[in-house]
Amino acid sequence: MASHTSKAFLSLGRINVSGLGLQKSVSRLTYGTQAPAKSSVGKKDRGGRGPKTANRKVGGSPRTEKMPLDQDWTAVYPAAATFKAGSVPLPVRMGYPVRGGVPPEKTGNLELIKIPNFLHLTPVAIKKHCEALKPFCTEWPSVLDTDAKCDENFPIKIESSDYVSAGLTLRNPAARVVHLKVKLSDLNLDDHARKKMIKLVKERYCSDTDILTIKTDNCPLKQQNYDYAMYLLTVLYHESWKTEAWEAEKTRADMEEYSWEDSPSQSNILNMLVRMKVAGEGEGEEVREQLLGRKEVQEYKDSMTRLKNEGDNDSTMLQYKEAVKKVLNL
Amino acid sequence: MAAPIALRRELFSLARILSGFSHLGPRAAGACSAHKTCNIIRSHHPLTSSTSFHTSTVFSSTPSSITVTEEPDALFQKVSVLVKGHDRAVLDSYEFFATMTAKELGIPINKVFEPPKVMERMTLLKSVHIFKKHRVQYEMRTHYRCIELSHLTGCTAQVYLEYIQRNLPEGVAMMVTKTAMEKVPDHILEPMWEDQPTEDKSTEDKPSQ
C-alpha cells in the first residue's frame, strides 16, 4: 500500500468499444496509479511536503546597498509599481507600533505594499514627463485674460462632467448631462422677444443673474445632448421673435411688470384731482389730459411704478410719500 | 541581468499603456526619456525582446510627429477636478502631483481646497440570527480634494487630464467638470422672420444638427 509514495495521475486511455459497433476507438480519461520509479538514489526521501532547506539558494544583498547616491530614480521606478523593500533605500516604518516600541520596519511589511505609493512620480519624474508633454499643449490666447472679456466674446457656456472610477464598467450615466448657460442680454432680442423667451423657459431663467440655463439629459450621449441643447436654444430664439395672433389677448395679469397707464391708480388719482378742482372747473377728457401732463402727477406715476416693480423698500416708500404730498398739496 | 530585465519590463508596460492613447489627436510618445532608453535597449538586445515578452510592434514605428489640424481649439474657462478616496494621505500626495503638473504645463490654478469628508455609518446586527441587542457599527470615510484650474485650451486640457488620469492611484475616483466657452452660433444672430412678417409653417426650417 504505497499510498503516500504513489503518484496518482490522469492518463488518457483508449478504450475500444467493440460491442457498440464503433469503428473508432473512443478515448476516455482513465485514472491510473503507478509507483514512482526510484531513479535518483542520492536525493532525500522527503516523504510528505517538507520544506526544501538544503538546496535553497542564498539570496544576495538587497539592491539598496548597491545604489549610488546620484542615481537616476526614474529608472528604478519608471511606472507605478508596488513597494519593494529591497529597491527603496529609505528607512521607512509603517504600521501600528509594538507596545513600547516602534512601527515595524519595511522588510515584509504588508502595510507598505497595500497603500498606493507615488515613488514613480517624484518631482524629477514629473518634470521629465511634462517636458515630453509640452509640445502637445497649446497656449491660451493672451487677449482673453479677464473673465469679463471671455464673457463678452464667448457668451455661451457649456458645462459637462466626466467621471473616472474603478468598477465593473467604464461608463457613468451621469456623464451625459450637458448644461448650456447664456445671458439673455448677449442675445439679439428686442423687448417683446425677451419677455416671450422668459415666458417660454419659465424656471430655467434666473432674473437675478439674467442667465438662461438649459439642462439636457434626454439622449444617451453627451454629444447628442449638446446638439439638442443648441437646437433648443435656436428654436427658443426664433420662436420668441414671432408674434402669434393670440398674443394680442395678453391681459393685465399676464404682464411681467406694472404699467401705470390705464391702471386703477391712474383713474383714482385723476378722479380725486378733478373733484378737488385743482385744474379749475370742468370735467372731461381735456381736463384729465391736462392733469396728466402735470409734474406732480408724473412724479406720482414714477413712484407708483417703482413701488410695484421693486417692492417695499425704504427708498421706494420715501419717494411715494414725497410724491403723494406734492400731488395732494399737503 | 535581473535589473535591466526588470527595468525593461516596466518600461514596456509603461509604453504599452501610453501607446493606447487613441483620442489624443497627435499620438503622445509618452515619457521621451523612457522611449529613448527603450530604443537604445532594443538595439542592444534585439533577440531577447521578442522571446521574453509578448510585445506588439510598438517601438518599430518612428515616434509620430505632432499634427496640427485646422479645426479651432476648444476653450475651457474652468476645469474642476474633484478626487475622492478613503485615505487622506494618498489624496495629499495626488494633490501635490496634480498641482506640480499644472505649474509645469503653465496652467493657472484657481484654487485648491478640501471639501469636508463624508462618513457613511451603518449599524448592523452582529449575529446572523436573533440577538437584537448586540450590534456592530461600521463607517466609511470618503475624503475629497478639489483642484480648480482656469483658462485651458482643449489640447492642453486633454493632455493634462489624460496624464492625471493615467496616474490616478488605486482606490481613488475622479470627477472632472469642464466649462467650455463658445461664441453665439450664426443662426442665432438674427431672427429669420424679419423679411417675412407673415410666415407660414412650411417655410420654417429647423437648423440641422
# chains A, B, ... in the order shown; residues from 1 in each chain; ligands from 1
>>> closest_atom_pairs(of="chain B", to="chain A", cutoff="6 Å", atoms="only C-alpha atoms", output="JSON lines")
{"residue": "B:Ala31", "atom": "CA", "partner": "A:His129", "partner_atom": "CA", "distance": 5.2}
{"residue": "B:Cys32", "atom": "CA", "partner": "A:Ala132", "partner_atom": "CA", "distance": 5.6}
{"residue": "B:Thr153", "atom": "CA", "partner": "A:Trp140", "partner_atom": "CA", "distance": 5.8}
{"residue": "B:Cys155", "atom": "CA", "partner": "A:Cys137", "partner_atom": "CA", "distance": 5.5}
{"residue": "B:Thr156", "atom": "CA", "partner": "A:Cys137", "partner_atom": "CA", "distance": 4.4}
{"residue": "B:Ala173", "atom": "CA", "partner": "A:Ser165", "partner_atom": "CA", "distance": 4.5}
{"residue": "B:Met174", "atom": "CA", "partner": "A:Val164", "partner_atom": "CA", "distance": 5.0}
{"residue": "B:Met175", "atom": "CA", "partner": "A:Tyr163", "partner_atom": "CA", "distance": 4.5}
{"residue": "B:Val176", "atom": "CA", "partner": "A:Asp162", "partner_atom": "CA", "distance": 5.0}
{"residue": "B:Thr177", "atom": "CA", "partner": "A:Ser161", "partner_atom": "CA", "distance": 4.3}
{"residue": "B:Lys178", "atom": "CA", "partner": "A:Ser160", "partner_atom": "CA", "distance": 5.6}
{"residue": "B:Thr179", "atom": "CA", "partner": "A:Glu159", "partner_atom": "CA", "distance": 4.4}
{"residue": "B:Ala180", "atom": "CA", "partner": "A:Ile158", "partner_atom": "CA", "distance": 5.0}
{"residue": "B:Met181", "atom": "CA", "partner": "A:Lys157", "partner_atom": "CA", "distance": 4.6}
{"residue": "B:Glu182", "atom": "CA", "partner": "A:Phe154", "partner_atom": "CA", "distance": 4.9}
{"residue": "B:Lys183", "atom": "CA", "partner": "A:Phe154", "partner_atom": "CA", "distance": 4.4}
{"residue": "B:Ile188", "atom": "CA", "partner": "A:Thr234", "partner_atom": "CA", "distance": 6.0}
{"residue": "B:Pro191", "atom": "CA", "partner": "A:His238", "partner_atom": "CA", "distance": 5.7}
>>> write_last_selection(atoms="C-alpha atoms", output="mmCIF file, in the first residue's frame")
data_model
loop_
_atom_site.group_PDB
_atom_site.id
_atom_site.type_symbol
_atom_site.label_atom_id
_atom_site.label_comp_id
_atom_site.auth_asym_id
_atom_site.auth_seq_id
_atom_site.Cartn_x
_atom_site.Cartn_y
_atom_site.Cartn_z
ATOM 1 C CA ALA B 31 7.899 59.891 -21.467
ATOM 2 C CA CYS B 32 10.509 60.655 -24.014
ATOM 3 C CA THR B 153 -7.338 75.208 -24.247
ATOM 4 C CA CYS B 155 -5.474 70.407 -26.342
ATOM 5 C CA THR B 156 -3.915 71.359 -23.030
ATOM 6 C CA ALA B 173 -12.070 58.193 -8.079
ATOM 7 C CA MET B 174 -12.221 61.421 -10.017
ATOM 8 C CA MET B 175 -14.886 63.741 -11.358
ATOM 9 C CA VAL B 176 -13.973 66.417 -13.881
ATOM 10 C CA THR B 177 -16.336 69.323 -14.567
ATOM 11 C CA LYS B 178 -15.451 71.371 -17.612
ATOM 12 C CA THR B 179 -16.951 74.727 -18.528
ATOM 13 C CA ALA B 180 -16.367 75.389 -22.194
ATOM 14 C CA MET B 181 -16.999 78.776 -23.756
ATOM 15 C CA GLU B 182 -18.443 79.284 -27.187
ATOM 16 C CA LYS B 183 -19.469 82.093 -29.427
ATOM 17 C CA ILE B 188 -28.968 82.828 -33.584
ATOM 18 C CA PRO B 191 -34.111 86.285 -36.303
#
>>> atom_distance(atom1="CA of Glu105 in chain A", atom2="CA of Glu65 in chain A")
16.4 Å
>>> residues_around(residues="range 136-145 of chain B", least_positions_apart="5", cutoff="6 Å", atoms="only C-alpha atoms", output="list in words")
Leu82, Val83, Lys84, Gly85, His86, Glu114, Pro115, Lys117, Val118, Met119, Glu120, Arg121, Met122, Thr123, Leu124 and Lys126 of chain B
>>> select_by_dssp(residues="range 133-208 of chain B", states="strand (DSSP E)", output="ChimeraX atom specification")
/B:135-153,172-182
>>> atom_distance(atom1="CA of Lys199 in chain A", atom2="CA of Leu307 in chain A")
22.9 Å
>>> atom_distance(atom1="CA of Tyr258 in chain A", atom2="CA of Glu310 in chain A")
9.9 Å
>>> decode(residues="range 169-196 of chain B", atoms="C-alpha atoms", output="JSON list (two decimals), in the first residue's frame")
[["chain", "number", "residue", "atom", "x", "y", "z"],
["B", 169, "PRO", "CA", -3.82, 55.72, -7.77],
["B", 170, "GLU", "CA", -5.83, 52.65, -6.84],
["B", 171, "GLY", "CA", -8.93, 53.31, -4.81],
["B", 172, "VAL", "CA", -9.25, 56.94, -5.88],
["B", 173, "ALA", "CA", -12.07, 58.19, -8.08],
["B", 174, "MET", "CA", -12.22, 61.42, -10.02],
["B", 175, "MET", "CA", -14.89, 63.74, -11.36],
["B", 176, "VAL", "CA", -13.97, 66.42, -13.88],
["B", 177, "THR", "CA", -16.34, 69.32, -14.57],
["B", 178, "LYS", "CA", -15.45, 71.37, -17.61],
["B", 179, "THR", "CA", -16.95, 74.73, -18.53],
["B", 180, "ALA", "CA", -16.37, 75.39, -22.19],
["B", 181, "MET", "CA", -17.00, 78.78, -23.76],
["B", 182, "GLU", "CA", -18.44, 79.28, -27.19],
["B", 183, "LYS", "CA", -19.47, 82.09, -29.43],
["B", 184, "VAL", "CA", -23.10, 82.67, -30.25],
["B", 185, "PRO", "CA", -23.72, 80.48, -33.31],
["B", 186, "ASP", "CA", -24.50, 82.17, -36.61],
["B", 187, "HIS", "CA", -28.08, 81.04, -36.82],
["B", 188, "ILE", "CA", -28.97, 82.83, -33.58],
["B", 189, "LEU", "CA", -27.51, 86.21, -34.50],
["B", 190, "GLU", "CA", -30.52, 87.43, -36.45],
["B", 191, "PRO", "CA", -34.11, 86.29, -36.30],
["B", 192, "MET", "CA", -35.17, 84.73, -39.54],
["B", 193, "TRP", "CA", -38.64, 86.23, -39.68],
["B", 194, "GLU", "CA", -37.58, 89.78, -40.36],
["B", 195, "ASP", "CA", -38.16, 89.69, -44.09],
["B", 196, "GLN", "CA", -41.34, 87.71, -43.85]]
